[in-house]
Amino acid sequence: MLNLPSFKSSSLQKIIYSVVGLILALAPLVRFSWDIPTQIVVLLILATTFVILWSSCKIHIEPRRDVLLLFFYLAVVVSLVFAKDERAHVRNELVMLSGGLLAAYLFSFLSLDDKKKLLRVPLVTGFFLSVVTLVTGLQNVTTALKTYSFIESALFINVNVVAGYLVLVFPLSFIFSNDRTVHPVFRALLPVIIFLGIVITKSRIAIFTSFLCGLYLYWRFHRPGHLAKYMLLLFPVVAALLLAITHMKQLAFNGGMLTDRLLWWRSALAMFLEHPFSGIGWGNFGNLYLAYRPQLTVNTIFAHNLPVELMAETGIPGAMAMLAVLSYFFVACFRLIKAEATGDSLFLPILLSVGGFLMINMFDYSFFVPATQLLFWVLIGSVFSGHFELRNNPSAHRLLGAAALAVIYFYSAQPLLAHIQYRNGMYYQLDNNLDMAERSYLNAIRYDSLPSPYHAKIAEIHLTRYVNSGGASEIAMAIRAQNSAIKRFPSNAAYWADLGWLYRVAGEQDKARQALEMAVRYNRFNKKYSEALKSFNKENCH
């Protein structure tokens, strides 16, 4: 019979500690990936741990934790239910969010000492990323360091992505400033190296926010008599900051960048006004941006403003739920800080970490990076205190837990297998093996029919065959597949433009004109689409 094993309370604590630590360690080192297989694996590991905990123990309900996190999660689920465009993308983003919220929930069950110990994991990771970022930044200065470029290539480190993670990690380095179990040299170098890594990212708001946090934490954690000694360590940080401001061209004020952000925010507000209660779908801003942008500007996949993007993607319920979660977090942090010893605070660095991170996300998108969002939710979970006790007779719950895991694994495997088939199809298509490519794409659709690119690829296969052989049936099949893609992503101007071209080849001029008009409607600042429509109307005397 399918069943889950039983565990002792201490064993469950160790399992939670190990699993959350493993996820925190691996998430940044898998290239901060949005890749759906990676996110599914993370979710399955965390879901398995949660189900084992639930099946073995009676979890005490903590209304503030459970209600607030559930309220926010349900608001995001509602945005998926009512999303009209690329629901597969919204679902994939929901998978990532589910992993973060589960990690926060599990983290809340750990003791205060275990929470503190576990925060060493992102600190070590942040230190490593800072060193790699520093080496990368210095490659332009000396060729002697170019031998280390393989590290950057292997991790595919994007300094714009790393900045948000390091801003979260930097204040945490002060948690161990008075910890005698940590080597004093490492304690002294840790915040300096991480801050220098932030400087190398050239993110103005990240540098400014972290610098203020660092100054305050140095003042708070060290007595005035020792301040001079620690200021010597702070000096190179200040020098690096001044060097960055005065000599790095990237740090010069860029008025165009501010103008672009204002336009991105206007686009997000337009989405919110059109979908005030359900939003356009969690993570869907980038997919719909071209349809809503008020004028021609730099393309983007994020609004670079967390509150505005939350309103656009989840509507009023999601924005209010996030506000409630953050309000409770800050209130709880202040209460816990008052109860702590002045020189040995855990929650003051956590408070500044989350606060600084939210500050930079008024102008940045790092909240939506998977590894960074995971750490953010874990820090949110640190203020909650979860409790559980072993069940007297857990047999029935272990059976239900095993059944629940079987269902979770079955449905999670569908998009995972589909993604593998889709990737195989792309390889076959590049190799011009159209039959195997089509078979792989059809298998992908069989496993998961939601993603529009799967259907668009089938249209490409039939179009290629038409070009090679001239068969009229291939165009008809290409049109059918392209319409399937549009059904799943109706605001995609490129899909409509391709459909218009297919209809022209098929001789269906009225449908071709309608498709081209839709392409212009969803991307009215694309000259190619508007010129194609004008040319078509001229040729057909419209």
# chains A, B, ... in the order shown; residues from 1 in each chain; ligands from 1
call {"tool": "select_by_dssp", "arguments": {"residues": "segment 314-443 of chain A", "states": "alpha helix (DSSP H)", "output": "PDB file with N, CA and C atoms, in the first residue's frame"}}
result
ATOM      1  N   THR A 314      -2.105  41.555 -10.524  1.00  0.00           N
ATOM      2  CA  THR A 314      -3.020  40.869  -9.608  1.00  0.00           C
ATOM      3  C   THR A 314      -4.206  41.727  -9.195  1.00  0.00           C
ATOM      4  N   GLY A 315      -4.264  42.972  -9.657  1.00  0.00           N
ATOM      5  CA  GLY A 315      -5.387  43.832  -9.326  1.00  0.00           C
ATOM      6  C   GLY A 315      -5.367  44.283  -7.871  1.00  0.00           C
ATOM      7  N   ILE A 316      -6.479  44.832  -7.444  1.00  0.00           N
ATOM      8  CA  ILE A 316      -6.595  45.342  -6.075  1.00  0.00           C
ATOM      9  C   ILE A 316      -6.406  44.240  -5.030  1.00  0.00           C
ATOM     10  N   PRO A 317      -7.004  43.037  -5.193  1.00  0.00           N
ATOM     11  CA  PRO A 317      -6.823  41.997  -4.167  1.00  0.00           C
ATOM     12  C   PRO A 317      -5.362  41.632  -3.935  1.00  0.00           C
ATOM     13  N   GLY A 318      -4.597  41.451  -5.016  1.00  0.00           N
ATOM     14  CA  GLY A 318      -3.197  41.078  -4.858  1.00  0.00           C
ATOM     15  C   GLY A 318      -2.377  42.166  -4.202  1.00  0.00           C
ATOM     16  N   ALA A 319      -2.612  43.421  -4.613  1.00  0.00           N
ATOM     17  CA  ALA A 319      -1.866  44.537  -4.031  1.00  0.00           C
ATOM     18  C   ALA A 319      -2.193  44.701  -2.545  1.00  0.00           C
ATOM     19  N   MET A 320      -3.480  44.563  -2.187  1.00  0.00           N
ATOM     20  CA  MET A 320      -3.870  44.687  -0.787  1.00  0.00           C
ATOM     21  C   MET A 320      -3.316  43.535   0.043  1.00  0.00           C
ATOM     22  N   ALA A 321      -3.306  42.333  -0.537  1.00  0.00           N
ATOM     23  CA  ALA A 321      -2.781  41.173   0.190  1.00  0.00           C
ATOM     24  C   ALA A 321      -1.290  41.324   0.455  1.00  0.00           C
ATOM     25  N   MET A 322      -0.542  41.779  -0.547  1.00  0.00           N
ATOM     26  CA  MET A 322       0.892  41.999  -0.352  1.00  0.00           C
ATOM     27  C   MET A 322       1.135  43.089   0.686  1.00  0.00           C
ATOM     28  N   LEU A 323       0.334  44.139   0.644  1.00  0.00           N
ATOM     29  CA  LEU A 323       0.457  45.214   1.631  1.00  0.00           C
ATOM     30  C   LEU A 323       0.213  44.684   3.043  1.00  0.00           C
ATOM     31  N   ALA A 324      -0.769  43.786   3.183  1.00  0.00           N
ATOM     32  CA  ALA A 324      -1.068  43.208   4.493  1.00  0.00           C
ATOM     33  C   ALA A 324       0.093  42.349   4.991  1.00  0.00           C
ATOM     34  N   VAL A 325       0.665  41.540   4.099  1.00  0.00           N
ATOM     35  CA  VAL A 325       1.803  40.690   4.475  1.00  0.00           C
ATOM     36  C   VAL A 325       2.981  41.547   4.925  1.00  0.00           C
ATOM     37  N   LEU A 326       3.299  42.574   4.144  1.00  0.00           N
ATOM     38  CA  LEU A 326       4.448  43.423   4.467  1.00  0.00           C
ATOM     39  C   LEU A 326       4.199  44.237   5.735  1.00  0.00           C
ATOM     40  N   SER A 327       2.963  44.701   5.923  1.00  0.00           N
ATOM     41  CA  SER A 327       2.644  45.471   7.130  1.00  0.00           C
ATOM     42  C   SER A 327       2.853  44.615   8.372  1.00  0.00           C
ATOM     43  N   TYR A 328       2.358  43.387   8.311  1.00  0.00           N
ATOM     44  CA  TYR A 328       2.556  42.505   9.468  1.00  0.00           C
ATOM     45  C   TYR A 328       4.037  42.221   9.681  1.00  0.00           C
ATOM     46  N   PHE A 329       4.770  42.007   8.591  1.00  0.00           N
ATOM     47  CA  PHE A 329       6.204  41.720   8.708  1.00  0.00           C
ATOM     48  C   PHE A 329       6.931  42.850   9.433  1.00  0.00           C
ATOM     49  N   PHE A 330       6.697  44.088   9.021  1.00  0.00           N
ATOM     50  CA  PHE A 330       7.416  45.214   9.628  1.00  0.00           C
ATOM     51  C   PHE A 330       7.000  45.422  11.083  1.00  0.00           C
ATOM     52  N   VAL A 331       5.709  45.286  11.378  1.00  0.00           N
ATOM     53  CA  VAL A 331       5.248  45.426  12.764  1.00  0.00           C
ATOM     54  C   VAL A 331       5.875  44.342  13.637  1.00  0.00           C
ATOM     55  N   ALA A 332       5.877  43.098  13.132  1.00  0.00           N
ATOM     56  CA  ALA A 332       6.462  41.990  13.889  1.00  0.00           C
ATOM     57  C   ALA A 332       7.960  42.186  14.085  1.00  0.00           C
ATOM     58  N   CYS A 333       8.630  42.692  13.058  1.00  0.00           N
ATOM     59  CA  CYS A 333      10.073  42.936  13.159  1.00  0.00           C
ATOM     60  C   CYS A 333      10.383  43.952  14.254  1.00  0.00           C
ATOM     61  N   PHE A 334       9.667  45.046  14.269  1.00  0.00           N
ATOM     62  CA  PHE A 334       9.904  46.073  15.293  1.00  0.00           C
ATOM     63  C   PHE A 334       9.649  45.508  16.698  1.00  0.00           C
ATOM     64  N   ARG A 335       8.621  44.687  16.825  1.00  0.00           N
ATOM     65  CA  ARG A 335       8.329  44.089  18.129  1.00  0.00           C
ATOM     66  C   ARG A 335       9.445  43.134  18.560  1.00  0.00           C
ATOM     67  N   LEU A 336       9.937  42.335  17.626  1.00  0.00           N
ATOM     68  CA  LEU A 336      11.000  41.381  17.944  1.00  0.00           C
ATOM     69  C   LEU A 336      12.327  42.082  18.213  1.00  0.00           C
ATOM     70  N   ILE A 337      12.576  43.188  17.517  1.00  0.00           N
ATOM     71  CA  ILE A 337      13.823  43.942  17.733  1.00  0.00           C
ATOM     72  C   ILE A 337      13.864  44.499  19.155  1.00  0.00           C
ATOM     73  N   LYS A 338      12.732  44.967  19.655  1.00  0.00           N
ATOM     74  CA  LYS A 338      12.681  45.509  21.016  1.00  0.00           C
ATOM     75  C   LYS A 338      13.009  44.441  22.061  1.00  0.00           C
ATOM     76  N   ALA A 339      12.673  43.198  21.742  1.00  0.00           N
ATOM     77  CA  ALA A 339      12.904  42.111  22.698  1.00  0.00           C
ATOM     78  C   ALA A 339      14.316  41.545  22.617  1.00  0.00           C
ATOM     79  N   PHE A 347      16.808  40.350  13.941  1.00  0.00           N
ATOM     80  CA  PHE A 347      15.710  40.896  13.148  1.00  0.00           C
ATOM     81  C   PHE A 347      15.957  42.313  12.637  1.00  0.00           C
ATOM     82  N   LEU A 348      16.889  43.047  13.229  1.00  0.00           N
ATOM     83  CA  LEU A 348      17.216  44.357  12.672  1.00  0.00           C
ATOM     84  C   LEU A 348      17.850  44.222  11.286  1.00  0.00           C
ATOM     85  N   PRO A 349      18.857  43.358  11.106  1.00  0.00           N
ATOM     86  CA  PRO A 349      19.379  43.159   9.745  1.00  0.00           C
ATOM     87  C   PRO A 349      18.332  42.623   8.780  1.00  0.00           C
ATOM     88  N   ILE A 350      17.459  41.735   9.271  1.00  0.00           N
ATOM     89  CA  ILE A 350      16.404  41.209   8.401  1.00  0.00           C
ATOM     90  C   ILE A 350      15.456  42.332   7.987  1.00  0.00           C
ATOM     91  N   LEU A 351      15.110  43.193   8.939  1.00  0.00           N
ATOM     92  CA  LEU A 351      14.242  44.337   8.640  1.00  0.00           C
ATOM     93  C   LEU A 351      14.866  45.232   7.574  1.00  0.00           C
ATOM     94  N   LEU A 352      16.148  45.560   7.732  1.00  0.00           N
ATOM     95  CA  LEU A 352      16.818  46.424   6.764  1.00  0.00           C
ATOM     96  C   LEU A 352      17.021  45.707   5.434  1.00  0.00           C
ATOM     97  N   SER A 353      17.203  44.405   5.486  1.00  0.00           N
ATOM     98  CA  SER A 353      17.363  43.631   4.255  1.00  0.00           C
ATOM     99  C   SER A 353      16.104  43.704   3.401  1.00  0.00           C
ATOM    100  N   VAL A 354      14.966  43.401   4.007  1.00  0.00           N
ATOM    101  CA  VAL A 354      13.696  43.434   3.274  1.00  0.00           C
ATOM    102  C   VAL A 354      13.328  44.870   2.901  1.00  0.00           C
ATOM    103  N   GLY A 355      13.523  45.807   3.837  1.00  0.00           N
ATOM    104  CA  GLY A 355      13.206  47.203   3.547  1.00  0.00           C
ATOM    105  C   GLY A 355      14.045  47.768   2.419  1.00  0.00           C
ATOM    106  N   GLY A 356      15.347  47.497   2.438  1.00  0.00           N
ATOM    107  CA  GLY A 356      16.222  47.963   1.361  1.00  0.00           C
ATOM    108  C   GLY A 356      15.884  47.327   0.034  1.00  0.00           C
ATOM    109  N   PHE A 357      15.543  46.045   0.087  1.00  0.00           N
ATOM    110  CA  PHE A 357      15.174  45.333  -1.139  1.00  0.00           C
ATOM    111  C   PHE A 357      13.913  45.923  -1.753  1.00  0.00           C
ATOM    112  N   LEU A 358      12.926  46.219  -0.915  1.00  0.00           N
ATOM    113  CA  LEU A 358      11.700  46.842  -1.420  1.00  0.00           C
ATOM    114  C   LEU A 358      11.979  48.237  -1.968  1.00  0.00           C
ATOM    115  N   MET A 359      12.929  48.930  -1.361  1.00  0.00           N
ATOM    116  CA  MET A 359      13.294  50.264  -1.838  1.00  0.00           C
ATOM    117  C   MET A 359      13.839  50.202  -3.259  1.00  0.00           C
ATOM    118  N   ILE A 360      14.772  49.280  -3.519  1.00  0.00           N
ATOM    119  CA  ILE A 360      15.347  49.237  -4.869  1.00  0.00           C
ATOM    120  C   ILE A 360      14.326  48.739  -5.884  1.00  0.00           C
ATOM    121  N   PRO A 370      13.771  34.450  -9.650  1.00  0.00           N
ATOM    122  CA  PRO A 370      13.394  33.320  -8.792  1.00  0.00           C
ATOM    123  C   PRO A 370      14.212  33.170  -7.512  1.00  0.00           C
ATOM    124  N   ALA A 371      15.542  33.123  -7.614  1.00  0.00           N
ATOM    125  CA  ALA A 371      16.370  32.906  -6.423  1.00  0.00           C
ATOM    126  C   ALA A 371      16.231  34.051  -5.432  1.00  0.00           C
ATOM    127  N   THR A 372      16.116  35.269  -5.944  1.00  0.00           N
ATOM    128  CA  THR A 372      15.982  36.438  -5.076  1.00  0.00           C
ATOM    129  C   THR A 372      14.621  36.445  -4.395  1.00  0.00           C
ATOM    130  N   GLN A 373      13.586  36.112  -5.149  1.00  0.00           N
ATOM    131  CA  GLN A 373      12.248  36.069  -4.553  1.00  0.00           C
ATOM    132  C   GLN A 373      12.157  34.973  -3.498  1.00  0.00           C
ATOM    133  N   LEU A 374      12.826  33.848  -3.738  1.00  0.00           N
ATOM    134  CA  LEU A 374      12.833  32.763  -2.754  1.00  0.00           C
ATOM    135  C   LEU A 374      13.429  33.233  -1.432  1.00  0.00           C
ATOM    136  N   LEU A 375      14.580  33.897  -1.496  1.00  0.00           N
ATOM    137  CA  LEU A 375      15.208  34.405  -0.274  1.00  0.00           C
ATOM    138  C   LEU A 375      14.334  35.473   0.381  1.00  0.00           C
ATOM    139  N   PHE A 376      13.697  36.309  -0.415  1.00  0.00           N
ATOM    140  CA  PHE A 376      12.793  37.332   0.126  1.00  0.00           C
ATOM    141  C   PHE A 376      11.693  36.691   0.964  1.00  0.00           C
ATOM    142  N   TRP A 377      11.049  35.650   0.434  1.00  0.00           N
ATOM    143  CA  TRP A 377       9.956  35.017   1.167  1.00  0.00           C
ATOM    144  C   TRP A 377      10.454  34.293   2.413  1.00  0.00           C
ATOM    145  N   VAL A 378      11.647  33.716   2.348  1.00  0.00           N
ATOM    146  CA  VAL A 378      12.221  33.079   3.536  1.00  0.00           C
ATOM    147  C   VAL A 378      12.425  34.112   4.642  1.00  0.00           C
ATOM    148  N   LEU A 379      12.901  35.295   4.282  1.00  0.00           N
ATOM    149  CA  LEU A 379      13.079  36.353   5.279  1.00  0.00           C
ATOM    150  C   LEU A 379      11.737  36.823   5.833  1.00  0.00           C
ATOM    151  N   ILE A 380      10.724  36.870   4.974  1.00  0.00           N
ATOM    152  CA  ILE A 380       9.377  37.200   5.465  1.00  0.00           C
ATOM    153  C   ILE A 380       8.927  36.145   6.470  1.00  0.00           C
ATOM    154  N   GLY A 381       9.204  34.880   6.172  1.00  0.00           N
ATOM    155  CA  GLY A 381       8.808  33.790   7.065  1.00  0.00           C
ATOM    156  C   GLY A 381       9.547  33.775   8.386  1.00  0.00           C
ATOM    157  N   SER A 395      -1.557   7.140  10.686  1.00  0.00           N
ATOM    158  CA  SER A 395      -1.664   6.215   9.546  1.00  0.00           C
ATOM    159  C   SER A 395      -2.533   6.785   8.430  1.00  0.00           C
ATOM    160  N   ALA A 396      -3.725   7.267   8.788  1.00  0.00           N
ATOM    161  CA  ALA A 396      -4.634   7.789   7.765  1.00  0.00           C
ATOM    162  C   ALA A 396      -4.037   9.016   7.082  1.00  0.00           C
ATOM    163  N   HIS A 397      -3.402   9.866   7.851  1.00  0.00           N
ATOM    164  CA  HIS A 397      -2.804  11.071   7.271  1.00  0.00           C
ATOM    165  C   HIS A 397      -1.614  10.734   6.374  1.00  0.00           C
ATOM    166  N   ARG A 398      -0.863   9.698   6.750  1.00  0.00           N
ATOM    167  CA  ARG A 398       0.258   9.296   5.895  1.00  0.00           C
ATOM    168  C   ARG A 398      -0.254   8.758   4.564  1.00  0.00           C
ATOM    169  N   LEU A 399      -1.374   8.051   4.616  1.00  0.00           N
ATOM    170  CA  LEU A 399      -1.970   7.536   3.386  1.00  0.00           C
ATOM    171  C   LEU A 399      -2.477   8.681   2.517  1.00  0.00           C
ATOM    172  N   LEU A 400      -3.169   9.643   3.137  1.00  0.00           N
ATOM    173  CA  LEU A 400      -3.654  10.807   2.389  1.00  0.00           C
ATOM    174  C   LEU A 400      -2.490  11.628   1.840  1.00  0.00           C
ATOM    175  N   GLY A 401      -1.436  11.745   2.631  1.00  0.00           N
ATOM    176  CA  GLY A 401      -0.260  12.482   2.176  1.00  0.00           C
ATOM    177  C   GLY A 401       0.387  11.835   0.974  1.00  0.00           C
ATOM    178  N   ALA A 402       0.472  10.511   0.987  1.00  0.00           N
ATOM    179  CA  ALA A 402       1.048   9.801  -0.154  1.00  0.00           C
ATOM    180  C   ALA A 402       0.197  10.004  -1.401  1.00  0.00           C
ATOM    181  N   ALA A 403      -1.132   9.969  -1.220  1.00  0.00           N
ATOM    182  CA  ALA A 403      -2.024  10.194  -2.361  1.00  0.00           C
ATOM    183  C   ALA A 403      -1.881  11.619  -2.888  1.00  0.00           C
ATOM    184  N   ALA A 404      -1.779  12.580  -1.967  1.00  0.00           N
ATOM    185  CA  ALA A 404      -1.610  13.977  -2.386  1.00  0.00           C
ATOM    186  C   ALA A 404      -0.308  14.162  -3.155  1.00  0.00           C
ATOM    187  N   LEU A 405       0.758  13.532  -2.682  1.00  0.00           N
ATOM    188  CA  LEU A 405       2.042  13.635  -3.381  1.00  0.00           C
ATOM    189  C   LEU A 405       1.970  13.012  -4.765  1.00  0.00           C
ATOM    190  N   ALA A 406       1.250  11.889  -4.876  1.00  0.00           N
ATOM    191  CA  ALA A 406       1.113  11.241  -6.184  1.00  0.00           C
ATOM    192  C   ALA A 406       0.422  12.176  -7.173  1.00  0.00           C
ATOM    193  N   VAL A 407      -0.625  12.874  -6.706  1.00  0.00           N
ATOM    194  CA  VAL A 407      -1.338  13.820  -7.569  1.00  0.00           C
ATOM    195  C   VAL A 407      -0.437  14.993  -7.941  1.00  0.00           C
ATOM    196  N   ILE A 408       0.282  15.532  -6.954  1.00  0.00           N
ATOM    197  CA  ILE A 408       1.178  16.669  -7.210  1.00  0.00           C
ATOM    198  C   ILE A 408       2.252  16.292  -8.217  1.00  0.00           C
ATOM    199  N   TYR A 409       2.845  15.118  -8.043  1.00  0.00           N
ATOM    200  CA  TYR A 409       3.911  14.689  -8.956  1.00  0.00           C
ATOM    201  C   TYR A 409       3.364  14.447 -10.358  1.00  0.00           C
ATOM    202  N   PHE A 410       2.159  13.888 -10.442  1.00  0.00           N
ATOM    203  CA  PHE A 410       1.577  13.599 -11.759  1.00  0.00           C
ATOM    204  C   PHE A 410       1.346  14.886 -12.540  1.00  0.00           C
ATOM    205  N   TYR A 411       0.696  15.866 -11.905  1.00  0.00           N
ATOM    206  CA  TYR A 411       0.382  17.105 -12.623  1.00  0.00           C
ATOM    207  C   TYR A 411       1.622  17.974 -12.836  1.00  0.00           C
ATOM    208  N   SER A 412       2.595  17.878 -11.955  1.00  0.00           N
ATOM    209  CA  SER A 412       3.833  18.633 -12.152  1.00  0.00           C
ATOM    210  C   SER A 412       4.662  18.046 -13.278  1.00  0.00           C
ATOM    211  N   ALA A 413       4.526  16.733 -13.482  1.00  0.00           N
ATOM    212  CA  ALA A 413       5.320  16.079 -14.531  1.00  0.00           C
ATOM    213  C   ALA A 413       4.862  16.487 -15.923  1.00  0.00           C
ATOM    214  N   GLN A 414       3.600  16.891 -16.073  1.00  0.00           N
ATOM    215  CA  GLN A 414       3.081  17.215 -17.403  1.00  0.00           C
ATOM    216  C   GLN A 414       3.832  18.381 -18.056  1.00  0.00           C
ATOM    217  N   PRO A 415       3.891  19.565 -17.431  1.00  0.00           N
ATOM    218  CA  PRO A 415       4.657  20.654 -18.063  1.00  0.00           C
ATOM    219  C   PRO A 415       6.143  20.369 -18.143  1.00  0.00           C
ATOM    220  N   LEU A 416       6.654  19.562 -17.219  1.00  0.00           N
ATOM    221  CA  LEU A 416       8.078  19.220 -17.255  1.00  0.00           C
ATOM    222  C   LEU A 416       8.396  18.376 -18.482  1.00  0.00           C
ATOM    223  N   LEU A 417       7.595  17.335 -18.716  1.00  0.00           N
ATOM    224  CA  LEU A 417       7.799  16.489 -19.896  1.00  0.00           C
ATOM    225  C   LEU A 417       7.544  17.273 -21.178  1.00  0.00           C
ATOM    226  N   ALA A 418       6.549  18.155 -21.143  1.00  0.00           N
ATOM    227  CA  ALA A 418       6.251  18.972 -22.326  1.00  0.00           C
ATOM    228  C   ALA A 418       7.430  19.865 -22.677  1.00  0.00           C
ATOM    229  N   HIS A 419       8.040  20.450 -21.668  1.00  0.00           N
ATOM    230  CA  HIS A 419       9.190  21.329 -21.916  1.00  0.00           C
ATOM    231  C   HIS A 419      10.349  20.543 -22.529  1.00  0.00           C
ATOM    232  N   ILE A 420      10.562  19.337 -22.053  1.00  0.00           N
ATOM    233  CA  ILE A 420      11.639  18.503 -22.605  1.00  0.00           C
ATOM    234  C   ILE A 420      11.368  18.185 -24.070  1.00  0.00           C
ATOM    235  N   GLN A 421      10.113  17.831 -24.382  1.00  0.00           N
ATOM    236  CA  GLN A 421       9.754  17.530 -25.770  1.00  0.00           C
ATOM    237  C   GLN A 421       9.887  18.770 -26.651  1.00  0.00           C
ATOM    238  N   TYR A 422       9.480  19.915 -26.133  1.00  0.00           N
ATOM    239  CA  TYR A 422       9.586  21.166 -26.892  1.00  0.00           C
ATOM    240  C   TYR A 422      11.045  21.498 -27.194  1.00  0.00           C
ATOM    241  N   ARG A 423      11.890  21.328 -26.207  1.00  0.00           N
ATOM    242  CA  ARG A 423      13.317  21.596 -26.408  1.00  0.00           C
ATOM    243  C   ARG A 423      13.915  20.632 -27.435  1.00  0.00           C
ATOM    244  N   ASN A 424      13.507  19.363 -27.371  1.00  0.00           N
ATOM    245  CA  ASN A 424      13.975  18.394 -28.372  1.00  0.00           C
ATOM    246  C   ASN A 424      13.513  18.788 -29.768  1.00  0.00           C
ATOM    247  N   GLY A 425      12.264  19.269 -29.853  1.00  0.00           N
ATOM    248  CA  GLY A 425      11.743  19.697 -31.145  1.00  0.00           C
ATOM    249  C   GLY A 425      12.548  20.837 -31.743  1.00  0.00           C
ATOM    250  N   MET A 426      12.983  21.761 -30.908  1.00  0.00           N
ATOM    251  CA  MET A 426      13.794  22.876 -31.399  1.00  0.00           C
ATOM    252  C   MET A 426      15.131  22.384 -31.940  1.00  0.00           C
ATOM    253  N   TYR A 427      15.716  21.398 -31.266  1.00  0.00           N
ATOM    254  CA  TYR A 427      16.978  20.837 -31.759  1.00  0.00           C
ATOM    255  C   TYR A 427      16.777  20.165 -33.115  1.00  0.00           C
ATOM    256  N   TYR A 428      15.691  19.387 -33.227  1.00  0.00           N
ATOM    257  CA  TYR A 428      15.409  18.713 -34.500  1.00  0.00           C
ATOM    258  C   TYR A 428      15.140  19.727 -35.610  1.00  0.00           C
ATOM    259  N   GLN A 429      14.416  20.795 -35.266  1.00  0.00           N
ATOM    260  CA  GLN A 429      14.095  21.811 -36.273  1.00  0.00           C
ATOM    261  C   GLN A 429      15.360  22.517 -36.762  1.00  0.00           C
ATOM    262  N   LEU A 430      16.277  22.797 -35.858  1.00  0.00           N
ATOM    263  CA  LEU A 430      17.546  23.402 -36.263  1.00  0.00           C
ATOM    264  C   LEU A 430      18.341  22.466 -37.161  1.00  0.00           C
ATOM    265  N   LEU A 434      12.333  17.801 -39.944  1.00  0.00           N
ATOM    266  CA  LEU A 434      10.987  18.323 -39.691  1.00  0.00           C
ATOM    267  C   LEU A 434      10.050  17.282 -39.099  1.00  0.00           C
ATOM    268  N   ASP A 435      10.182  16.028 -39.533  1.00  0.00           N
ATOM    269  CA  ASP A 435       9.285  14.987 -39.023  1.00  0.00           C
ATOM    270  C   ASP A 435       9.479  14.775 -37.521  1.00  0.00           C
ATOM    271  N   MET A 436      10.735  14.652 -37.105  1.00  0.00           N
ATOM    272  CA  MET A 436      11.008  14.452 -35.680  1.00  0.00           C
ATOM    273  C   MET A 436      10.660  15.709 -34.876  1.00  0.00           C
ATOM    274  N   ALA A 437      10.879  16.878 -35.481  1.00  0.00           N
ATOM    275  CA  ALA A 437      10.529  18.126 -34.795  1.00  0.00           C
ATOM    276  C   ALA A 437       9.023  18.198 -34.562  1.00  0.00           C
ATOM    277  N   GLU A 438       8.246  17.877 -35.603  1.00  0.00           N
ATOM    278  CA  GLU A 438       6.788  17.905 -35.459  1.00  0.00           C
ATOM    279  C   GLU A 438       6.324  16.907 -34.408  1.00  0.00           C
ATOM    280  N   ARG A 439       6.918  15.723 -34.416  1.00  0.00           N
ATOM    281  CA  ARG A 439       6.531  14.709 -33.435  1.00  0.00           C
ATOM    282  C   ARG A 439       6.806  15.202 -32.011  1.00  0.00           C
ATOM    283  N   SER A 440       7.945  15.838 -31.819  1.00  0.00           N
ATOM    284  CA  SER A 440       8.289  16.348 -30.487  1.00  0.00           C
ATOM    285  C   SER A 440       7.338  17.462 -30.063  1.00  0.00           C
ATOM    286  N   TYR A 441       7.019  18.369 -30.992  1.00  0.00           N
ATOM    287  CA  TYR A 441       6.102  19.466 -30.656  1.00  0.00           C
ATOM    288  C   TYR A 441       4.702  18.937 -30.339  1.00  0.00           C
ATOM    289  N   LEU A 442       4.256  17.946 -31.097  1.00  0.00           N
ATOM    290  CA  LEU A 442       2.938  17.360 -30.827  1.00  0.00           C
ATOM    291  C   LEU A 442       2.920  16.650 -29.478  1.00  0.00           C
ATOM    292  N   ASN A 443       4.017  15.990 -29.131  1.00  0.00           N
ATOM    293  CA  ASN A 443       4.108  15.364 -27.810  1.00  0.00           C
ATOM    294  C   ASN A 443       4.073  16.422 -26.711  1.00  0.00           C
TER     295      ASN A 443
END
call {"tool": "residues_around", "arguments": {"residues": "Asp66 of chain A", "least_positions_apart": "4", "cutoff": "12 Å", "atoms": "only C-alpha atoms", "output": "count of residues only"}}
result
20
call {"tool": "atom_distance", "arguments": {"atom1": "atom CA of Leu296 of chain A", "atom2": "atom CA of Trp496 of chain A"}}
result
19.8 Å
call {"tool": "atom_distance", "arguments": {"atom1": "atom CA of Arg64 of chain A", "atom2": "atom CA of Val383 of chain A"}}
result
10.8 Å
